[in-house]
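So this one's start_32.csv, CSV, C-alpha atoms:
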```
chain,number,residue,atom,x,y,z
A,7,MET,CA,127.9,107.7,88.0
A,8,ILE,CA,126.6,104.4,89.3
A,9,ARG,CA,123.0,103.3,89.1
A,10,ILE,CA,121.8,100.7,91.5
A,11,ALA,CA,118.5,98.8,91.2
A,12,ALA,CA,117.1,97.5,94.4
A,13,VAL,CA,114.1,95.5,95.8
A,14,GLY,CA,113.4,93.3,98.7
A,15,ASP,CA,110.8,90.8,99.9
A,16,VAL,CA,110.1,89.2,96.5
A,17,HIS,CA,109.2,85.9,98.2
A,18,VAL,CA,109.7,83.8,95.1
A,19,ASP,CA,108.0,80.4,94.7
A,20,LYS,CA,106.8,78.6,91.6
A,21,ASP,CA,103.8,80.9,91.3
A,22,VAL,CA,106.0,84.0,90.9
A,23,VAL,CA,108.4,82.7,88.3
A,24,GLY,CA,108.1,84.9,85.3
A,25,ARG,CA,106.5,87.9,87.0
A,26,TYR,CA,109.7,89.9,87.4
A,27,ARG,CA,111.5,88.7,84.3
A,28,PRO,CA,110.2,91.3,81.8
A,29,ALA,CA,111.3,94.2,84.1
A,30,LEU,CA,114.6,92.4,84.9
A,31,GLU,CA,115.4,92.0,81.2
A,32,GLU,CA,115.4,95.8,81.0
A,33,LEU,CA,117.9,96.1,83.8
A,34,PRO,CA,121.0,96.7,81.7
A,35,ASP,CA,119.4,99.9,80.2
A,36,ARG,CA,118.5,101.1,83.6
A,37,ALA,CA,121.1,100.1,86.2
A,38,ASP,CA,124.6,98.7,86.7
A,39,ALA,CA,123.8,96.3,89.5
A,40,LEU,CA,120.8,94.7,91.3
A,41,LEU,CA,120.8,94.5,95.1
A,42,ILE,CA,118.1,92.5,96.8
A,43,ALA,CA,117.3,93.1,100.5
A,44,GLY,CA,116.3,89.6,101.7
A,45,ASP,CA,113.2,87.5,101.8
A,46,LEU,CA,114.0,86.1,98.5
A,47,THR,CA,111.8,83.0,99.1
A,48,ARG,CA,108.7,82.1,101.1
A,49,HIS,CA,110.0,79.3,103.3
A,50,GLY,CA,113.7,79.2,102.5
A,51,THR,CA,113.6,75.8,100.8
A,52,VAL,CA,116.1,74.6,98.2
A,53,GLU,CA,113.2,74.4,95.7
A,54,GLU,CA,112.2,78.0,96.2
A,55,ALA,CA,115.8,79.1,96.0
A,56,GLN,CA,115.9,77.4,92.6
A,57,CYS,CA,112.9,79.4,91.6
A,58,PHE,CA,114.5,82.6,92.8
A,59,ALA,CA,117.7,81.7,90.9
A,60,LYS,CA,115.7,81.1,87.7
A,61,GLU,CA,113.9,84.4,88.1
A,62,PHE,CA,116.8,86.6,89.2
A,63,GLY,CA,119.8,84.7,87.8
A,64,GLY,CA,121.5,85.0,84.5
A,65,LEU,CA,121.0,88.7,84.2
A,66,ALA,CA,123.4,91.0,82.4
A,67,VAL,CA,124.2,92.9,85.6
A,68,PRO,CA,125.7,91.7,88.8
A,69,VAL,CA,123.2,90.6,91.5
A,70,VAL,CA,124.0,90.9,95.2
A,71,VAL,CA,121.6,89.7,97.9
A,72,VAL,CA,121.3,89.2,101.6
A,73,LEU,CA,118.9,86.6,103.1
A,74,GLY,CA,115.8,87.5,105.1
A,75,ASN,CA,113.9,85.8,107.9
A,76,HIS,CA,111.8,83.9,105.5
A,77,ASP,CA,114.9,82.5,103.9
A,78,HIS,CA,115.8,81.0,107.4
A,79,GLN,CA,112.3,79.3,107.9
A,80,SER,CA,113.4,75.8,106.8
A,81,ASP,CA,116.9,76.0,108.5
A,82,GLN,CA,118.4,75.4,105.0
A,83,GLN,CA,120.1,78.8,104.6
A,84,GLU,CA,123.4,77.2,103.7
A,85,GLN,CA,121.8,75.1,100.9
A,86,VAL,CA,119.8,78.1,99.8
A,87,THR,CA,123.0,80.2,99.6
A,88,GLY,CA,124.7,77.4,97.6
A,89,VAL,CA,121.9,77.4,95.1
A,90,LEU,CA,122.1,81.1,94.6
A,91,GLU,CA,125.9,81.2,94.4
A,92,ASP,CA,125.8,78.4,91.7
A,93,ALA,CA,123.5,80.8,89.7
A,94,GLY,CA,126.2,83.5,89.9
A,95,ILE,CA,124.4,85.5,92.6
A,96,THR,CA,126.6,87.0,95.4
A,97,VAL,CA,125.2,86.3,98.9
A,98,LEU,CA,126.4,88.5,101.7
A,99,GLU,CA,126.2,87.7,105.4
A,100,GLY,CA,128.6,89.8,107.5
A,101,ALA,CA,130.6,90.2,104.3
A,102,ALA,CA,131.3,92.7,101.6
A,103,THR,CA,132.0,92.7,97.9
A,104,VAL,CA,133.4,95.3,95.5
A,105,LEU,CA,131.9,95.7,92.0
A,106,GLU,CA,133.8,97.5,89.2
A,107,LEU,CA,131.1,99.6,87.5
A,108,ASN,CA,131.7,102.4,84.9
A,109,GLY,CA,135.2,102.9,86.2
A,110,HIS,CA,134.1,103.2,89.8
A,111,ARG,CA,134.4,100.7,92.7
A,112,LEU,CA,131.0,100.1,94.3
A,113,GLY,CA,131.3,98.4,97.7
A,114,VAL,CA,128.4,96.5,99.1
A,115,ALA,CA,128.4,95.2,102.7
A,116,GLY,CA,125.5,93.1,103.8
A,117,THR,CA,123.9,91.2,106.6
A,118,LYS,CA,120.4,89.9,107.3
A,119,GLY,CA,120.3,91.9,110.6
A,120,PHE,CA,117.8,91.3,113.3
A,121,GLY,CA,115.2,93.0,115.5
A,122,GLY,CA,115.7,94.6,118.9
A,123,GLY,CA,114.1,98.0,118.6
A,124,PHE,CA,115.1,101.6,118.5
A,125,ALA,CA,115.8,104.5,120.9
A,126,GLY,CA,113.2,104.7,123.6
A,127,ALA,CA,111.8,101.3,122.9
A,128,CYS,CA,114.5,98.8,122.5
A,129,ALA,CA,115.3,95.4,124.1
A,130,SER,CA,118.1,95.2,126.6
A,131,ASN,CA,120.7,92.5,127.1
A,132,PHE,CA,119.3,91.6,130.6
A,133,GLY,CA,117.2,89.1,132.4
A,134,GLU,CA,116.2,85.7,131.1
A,135,ARG,CA,118.6,83.8,128.9
A,136,GLU,CA,116.1,84.0,126.0
A,137,MET,CA,116.1,87.8,126.2
A,138,LYS,CA,119.9,87.9,126.3
A,139,ASP,CA,120.0,85.6,123.3
A,140,PHE,CA,117.6,87.9,121.4
A,141,VAL,CA,119.6,91.0,122.0
A,142,GLY,CA,122.9,89.2,121.6
A,143,THR,CA,121.7,88.1,118.2
A,144,SER,CA,121.0,91.7,117.2
A,145,GLU,CA,124.4,92.8,118.4
A,146,ARG,CA,126.2,90.0,116.6
A,147,TYR,CA,124.6,90.9,113.2
A,148,ALA,CA,125.3,94.6,113.7
A,149,ALA,CA,128.9,93.9,114.6
A,150,ALA,CA,129.3,91.7,111.5
A,151,LEU,CA,127.9,94.5,109.4
A,152,ARG,CA,130.2,97.1,111.0
A,153,GLU,CA,133.2,94.8,110.3
A,154,ALA,CA,132.1,94.2,106.7
A,155,LEU,CA,131.6,97.9,106.0
A,156,HIS,CA,135.1,98.7,107.2
A,157,SER,CA,136.7,95.8,105.2
A,158,VAL,CA,136.4,97.4,101.8
A,159,GLU,CA,138.0,100.3,99.9
A,160,CYS,CA,135.7,101.7,97.3
A,161,ASP,CA,134.4,104.9,95.7
A,162,ALA,CA,130.8,104.4,97.0
A,163,LEU,CA,129.7,102.2,99.8
A,164,VAL,CA,126.2,100.7,100.2
A,165,ALA,CA,124.9,98.8,103.3
A,166,LEU,CA,122.4,96.1,102.4
A,167,THR,CA,120.3,94.5,105.2
A,168,HIS,CA,116.9,92.8,105.5
A,169,TYR,CA,116.0,94.3,108.9
A,170,ALA,CA,115.7,98.1,109.2
A,171,PRO,CA,118.5,100.3,110.7
A,172,VAL,CA,116.2,103.2,111.5
A,173,PRO,CA,112.5,103.6,112.6
A,174,GLU,CA,111.7,106.3,110.0
A,175,THR,CA,111.3,103.7,107.3
A,176,LEU,CA,108.9,101.7,109.5
A,177,VAL,CA,106.3,104.4,109.6
A,178,GLY,CA,103.0,102.7,108.6
A,179,GLU,CA,103.7,99.6,110.6
A,180,PRO,CA,102.2,99.1,114.0
A,181,LEU,CA,104.4,100.7,116.6
A,182,GLU,CA,104.1,97.6,118.7
A,183,ILE,CA,106.1,95.5,116.2
A,184,TYR,CA,109.0,98.0,115.5
A,185,ALA,CA,111.2,95.9,117.8
A,186,PHE,CA,110.7,92.9,115.4
A,187,LEU,CA,111.4,94.9,112.3
A,188,GLY,CA,114.9,96.3,113.0
A,189,CYS,CA,117.3,97.7,115.6
A,190,TYR,CA,119.3,100.8,116.2
A,191,GLN,CA,122.6,98.8,116.3
A,192,LEU,CA,122.4,98.4,112.6
A,193,GLY,CA,122.1,102.2,112.2
A,194,GLN,CA,125.1,102.6,114.5
A,195,ALA,CA,127.2,100.3,112.3
A,196,ILE,CA,126.2,102.2,109.2
A,197,ASP,CA,127.1,105.5,110.8
A,198,SER,CA,130.5,104.2,111.7
A,199,ALA,CA,131.5,104.0,108.0
A,200,PRO,CA,131.4,106.3,105.0
A,201,VAL,CA,128.1,104.8,103.7
A,202,ALA,CA,126.4,106.5,100.8
A,203,LEU,CA,123.2,104.6,100.9
A,204,ALA,CA,121.6,102.0,103.2
A,205,LEU,CA,119.0,99.6,101.8
A,206,HIS,CA,116.6,97.3,103.7
A,207,GLY,CA,113.3,95.5,103.3
A,208,HIS,CA,111.2,93.5,105.8
A,209,ALA,CA,108.7,96.2,106.6
A,210,HIS,CA,105.9,95.7,104.0
A,211,HIS,CA,103.8,98.5,105.4
A,212,GLY,CA,106.6,100.9,106.1
A,213,SER,CA,107.8,104.0,104.3
A,214,GLU,CA,110.4,104.4,101.6
A,215,ARG,CA,112.7,107.1,102.9
A,216,GLY,CA,114.6,107.9,106.1
A,217,ARG,CA,118.1,108.8,107.4
A,218,THR,CA,120.3,107.4,110.1
A,219,PRO,CA,121.2,109.7,113.0
A,220,GLY,CA,124.5,110.3,111.2
A,221,GLY,CA,122.7,111.4,108.1
A,222,VAL,CA,123.0,108.4,105.8
A,223,PRO,CA,120.1,108.1,103.4
A,224,VAL,CA,118.0,104.9,104.1
A,225,ARG,CA,115.6,103.3,101.7
A,226,ASN,CA,113.1,100.6,102.5
A,227,VAL,CA,112.8,98.7,99.2
A,228,ALA,CA,110.4,96.1,100.3
A,229,HIS,CA,108.4,95.2,97.2
A,230,PRO,CA,105.0,96.2,98.7
A,231,VAL,CA,106.5,99.6,99.6
A,232,ILE,CA,108.0,100.5,96.2
A,233,LYS,CA,105.2,98.8,94.2
A,234,GLN,CA,107.3,98.0,91.2
A,235,ALA,CA,109.9,95.4,90.2
A,236,TYR,CA,112.8,97.5,91.6
A,237,ASN,CA,113.8,101.1,92.3
A,238,VAL,CA,116.8,102.7,90.8
A,239,TYR,CA,119.2,104.9,92.8
A,240,GLN,CA,122.0,107.0,91.3
A,241,LEU,CA,125.3,107.4,93.2
A,242,LEU,CA,128.4,109.3,92.3
A,243,SER,CA,126.6,111.7,90.0
A,244,GLU,CA,129.1,113.6,87.9
A,245,GLU,CA,130.1,116.7,89.9
A,246,ILE,CA,131.0,120.0,88.1
A,247,GLU,CA,134.8,120.4,88.1
A,248,THR,CA,134.8,123.8,89.7
A,249,SER,CA,138.5,124.4,88.9
A,250,LEU,CA,137.6,124.3,85.2
A,251,THR,CA,134.6,126.6,85.5
A,252,SER,CA,135.2,130.1,84.2
A,253,VAL,CA,134.4,132.9,86.6
B,12,MET,CA,80.8,85.5,114.0
B,13,THR,CA,83.1,84.3,116.8
B,14,ASN,CA,83.3,86.2,120.0
B,15,ASP,CA,86.9,85.2,120.5
B,16,ILE,CA,88.7,88.4,121.4
B,17,ASP,CA,91.9,86.9,120.1
B,18,LEU,CA,90.6,86.1,116.7
B,19,GLU,CA,92.7,88.7,114.9
B,20,ALA,CA,95.8,87.4,116.6
B,21,GLU,CA,95.0,83.8,115.8
B,22,ILE,CA,94.3,84.7,112.1
B,23,GLN,CA,97.6,86.7,112.0
B,24,ARG,CA,99.5,83.6,113.3
B,25,LEU,CA,97.7,81.3,110.9
B,26,LEU,CA,98.7,83.5,107.9
B,27,THR,CA,102.4,83.5,109.0
B,28,GLU,CA,102.7,79.9,110.3
B,29,HIS,CA,100.6,78.0,107.8
B,30,ASP,CA,103.0,76.3,105.4
B,31,ARG,CA,100.9,77.1,102.4
B,32,ILE,CA,100.7,80.8,103.2
B,33,ALA,CA,103.7,82.2,105.2
B,34,GLU,CA,102.6,85.8,104.9
B,35,GLN,CA,103.6,88.4,107.5
B,36,GLY,CA,102.4,91.5,105.7
B,37,ILE,CA,98.6,90.9,105.8
B,38,THR,CA,96.6,93.2,108.0
B,39,VAL,CA,93.6,91.7,109.9
B,40,GLN,CA,90.9,94.1,111.1
B,41,ARG,CA,87.5,93.4,112.6
B,42,ARG,CA,84.8,95.6,111.1
B,43,ASP,CA,81.1,95.1,112.1
B,44,HIS,CA,80.4,91.5,111.3
B,45,SER,CA,83.4,90.7,109.1
B,46,ILE,CA,87.1,90.5,109.1
B,47,VAL,CA,88.8,92.8,106.6
B,48,LEU,CA,92.1,91.6,105.1
B,49,GLY,CA,94.6,94.1,103.7
B,50,GLY,CA,98.1,94.3,102.3
B,51,GLU,CA,99.7,92.9,99.2
B,52,VAL,CA,100.9,89.5,98.1
B,53,GLU,CA,103.0,88.3,95.1
B,54,SER,CA,100.2,86.3,93.3
B,55,ALA,CA,96.5,85.8,93.0
B,56,GLN,CA,97.0,82.2,94.0
B,57,ARG,CA,98.4,83.4,97.4
B,58,ARG,CA,95.5,85.8,97.9
B,59,ASP,CA,93.0,83.1,97.2
B,60,GLU,CA,94.8,80.6,99.5
B,61,ILE,CA,94.7,83.1,102.4
B,62,CYS,CA,90.9,83.4,102.1
B,63,ARG,CA,90.5,79.6,101.6
B,64,GLN,CA,92.5,78.7,104.7
B,65,ILE,CA,90.8,81.3,107.0
B,66,THR,CA,87.4,80.1,105.8
B,67,SER,CA,88.4,76.5,106.4
B,68,ARG,CA,89.7,77.2,110.0
B,69,TYR,CA,86.9,79.7,110.9
B,70,PRO,CA,83.9,78.9,108.8
B,71,GLU,CA,81.7,81.2,110.8
B,72,VAL,CA,83.8,84.3,110.0
B,73,GLU,CA,82.8,86.5,107.1
B,74,ILE,CA,85.8,87.7,105.2
B,75,THR,CA,86.2,90.9,103.2
B,76,CYS,CA,89.3,90.6,101.1
B,77,ASP,CA,91.1,93.8,100.1
B,78,ILE,CA,94.4,92.1,99.5
B,79,GLY,CA,96.1,93.3,96.3
B,80,ILE,CA,98.8,91.8,94.1
B,81,THR,CA,102.0,93.9,94.1
B,82,ARG,CA,102.8,95.3,90.7
B,83,ALA,CA,106.1,94.2,89.1
B,84,GLN,CA,106.6,96.6,86.2
B,85,ALA,CA,110.0,98.3,85.5
B,86,PRO,CA,110.4,101.8,87.1
B,87,SER,CA,110.2,104.9,85.0
B,88,GLU,CA,112.3,107.1,87.3
B,89,VAL,CA,115.7,107.3,89.0
B,90,GLU,CA,116.3,108.8,92.4
B,91,GLU,CA,119.6,110.6,92.7
B,92,ILE,CA,121.1,110.1,96.2
B,93,SER,CA,123.0,112.9,97.7
```

Let me see the file written as structure tokens.
Amino acid sequence: MIRIAAVGDVHVDKDVVGRYRPALEELPDRADALLIAGDLTRHGTVEEAQCFAKEFGGLAVPVVVVLGNHDHQSDQQEQVTGVLEDAGITVLEGAATVLELNGHRLGVAGTKGFGGGFAGACASNFGEREMKDFVGTSERYAAALREALHSVECDALVALTHYAPVPETLVGEPLEIYAFLGCYQLGQAIDSAPVALALHGHAHHGSERGRTPGGVPVRNVAHPVIKQAYNVYQLLSEEIETSLTSV
Amino acid sequence: MTNDIDLEAEIQRLLTEHDRIAEQGITVQRRDHSIVLGGEVESAQRRDEICRQITSRYPEVEITCDIGITRAQAPSEVEEIS
């Protein structure tokens, strides 16, 4: 059994330091790892990253994150990543990591992702250069996620993104902005691999639960959606060994 | 009350682009003679700054603030994924 704590969109700055810490100190009793689905900061500055590292670093469980669009606002994502890694936090962008937990190997593949929309209302790689750049960016992040998902061997695989891979977890947001909240290409990447759980944030007014077309459970863990410090998801629950069950 | 039909859009952009706010999760709805703000933020300071900046930019606009502070307590339940 593996228990994963997850949250997104914590938007840490000086005014938030200390708010999460009491709940985070309880983590070792509740979960084996903490995954954070982007928007770690407000403006993506080094100072805010230091606040995030102070709040979410030094925990007794591994912490794995992806960046979100807010973490790109100051064009300092490399410095932000450096601050987080110095604090022992694993930052994924088109990459994967494997955590050894309770005798199991948990694989986490992550990317920020991008918008683009979903079936019936998606942008196309056509027309103006700006439009092709937009859709090309969606495709590039999705391809990076697909490659990362296929790069690991593990007992349970989790996809971690900021943008949404399905529209179901956007329900509650205005339909008009779905194309800015996620894209179907991320869902396709997730369905191409044996993913046990897909986690994302970004949609503050969205819904918690959905599934990809291929049936992978999707959870929107944006903080305003889950309304607590983190959610906990259990994977690899002990199965009954049927060969040992008397009949 | 301004008659600017784009007021909600302008406030939405102000909330996102102002360097002291940077909030994308605030709803802005016109109701009778006021603007109703909804959604949640991470601190009371952020909520208050939102109202302060809107009032500063649009002093004629009456604001009803329903913005909440997202709770940050530890969870009491685990969801089994299958």

Original post:
What residues in chain A have any atom no more than 9 Å from chain B when counting only C-alpha atoms, and can you write them as a ChimeraX atom specification?
Top reply: /A:9,16-18,21-22,25-26,28-30,32-33,36,48-49,76,202-203,209-211,223,229-230,233-243

**OP:** List the neighbours of range 165-168 of chain A out to 10 Å using all atoms listed in the file; skip same-chain residues closer than 6 positions along the sequence, and give me the result as an NGL selection string.
**Re:** :A and (12 or 14-15 or 41-45 or 70-75 or 98-100 or 102 or 113-120 or 147-148 or 151-152 or 154-155 or 187-188 or 192-193 or 195-196 or 199 or 201-209 or 224-228)

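Taking all atoms listed in the file into account, Glu174 in chain A lies nearest to A:Ala125 out of the set A:Ala162, A:Val67, A:Ala125, A:Val141.
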
**OP:** Kindly give the distance, in Å, that separates CA of Leu18 in chain B and CA of Tyr184 in chain A, rounded to a single decimal.
**Re:**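 CA of Tyr184 in chain A lies 21.9 Å from CA of Leu18 in chain B.
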
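Closest approach to Phe124 in chain A among A:Pro171, A:Pro68, A:Gly220, A:Gly212 is made by A:Pro171 (distances from only C-alpha atoms).
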
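Protein, DNA and RNA residues at most 9 Å from (122.6, 86.0, 90.5), with only C-alpha atoms, are these: Leu40, Ala59, Lys60, Phe62, Gly63, Gly64, Leu65, Val67, Pro68, Val69, Val70, Val71, Leu90, Glu91, Asp92, Ala93, Gly94, Ile95, Thr96 and Val97 of chain A.
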
Original post:
Rounded to one decimal in Å, what is the spacing between CA of Asp38 in chain A and CA of Asn108 in chain A?
Top reply: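 Computing the Euclidean distance for CA of Asp38 in chain A and CA of Asn108 in chain A yields 8.2 Å.
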
**OP:** To one decimal in Å, tell me the separation between CA of Ala149 in chain A and CA of Tyr169 in chain A.
**Re:**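 Between CA of Ala149 in chain A and CA of Tyr169 in chain A the gap is 14.1 Å.
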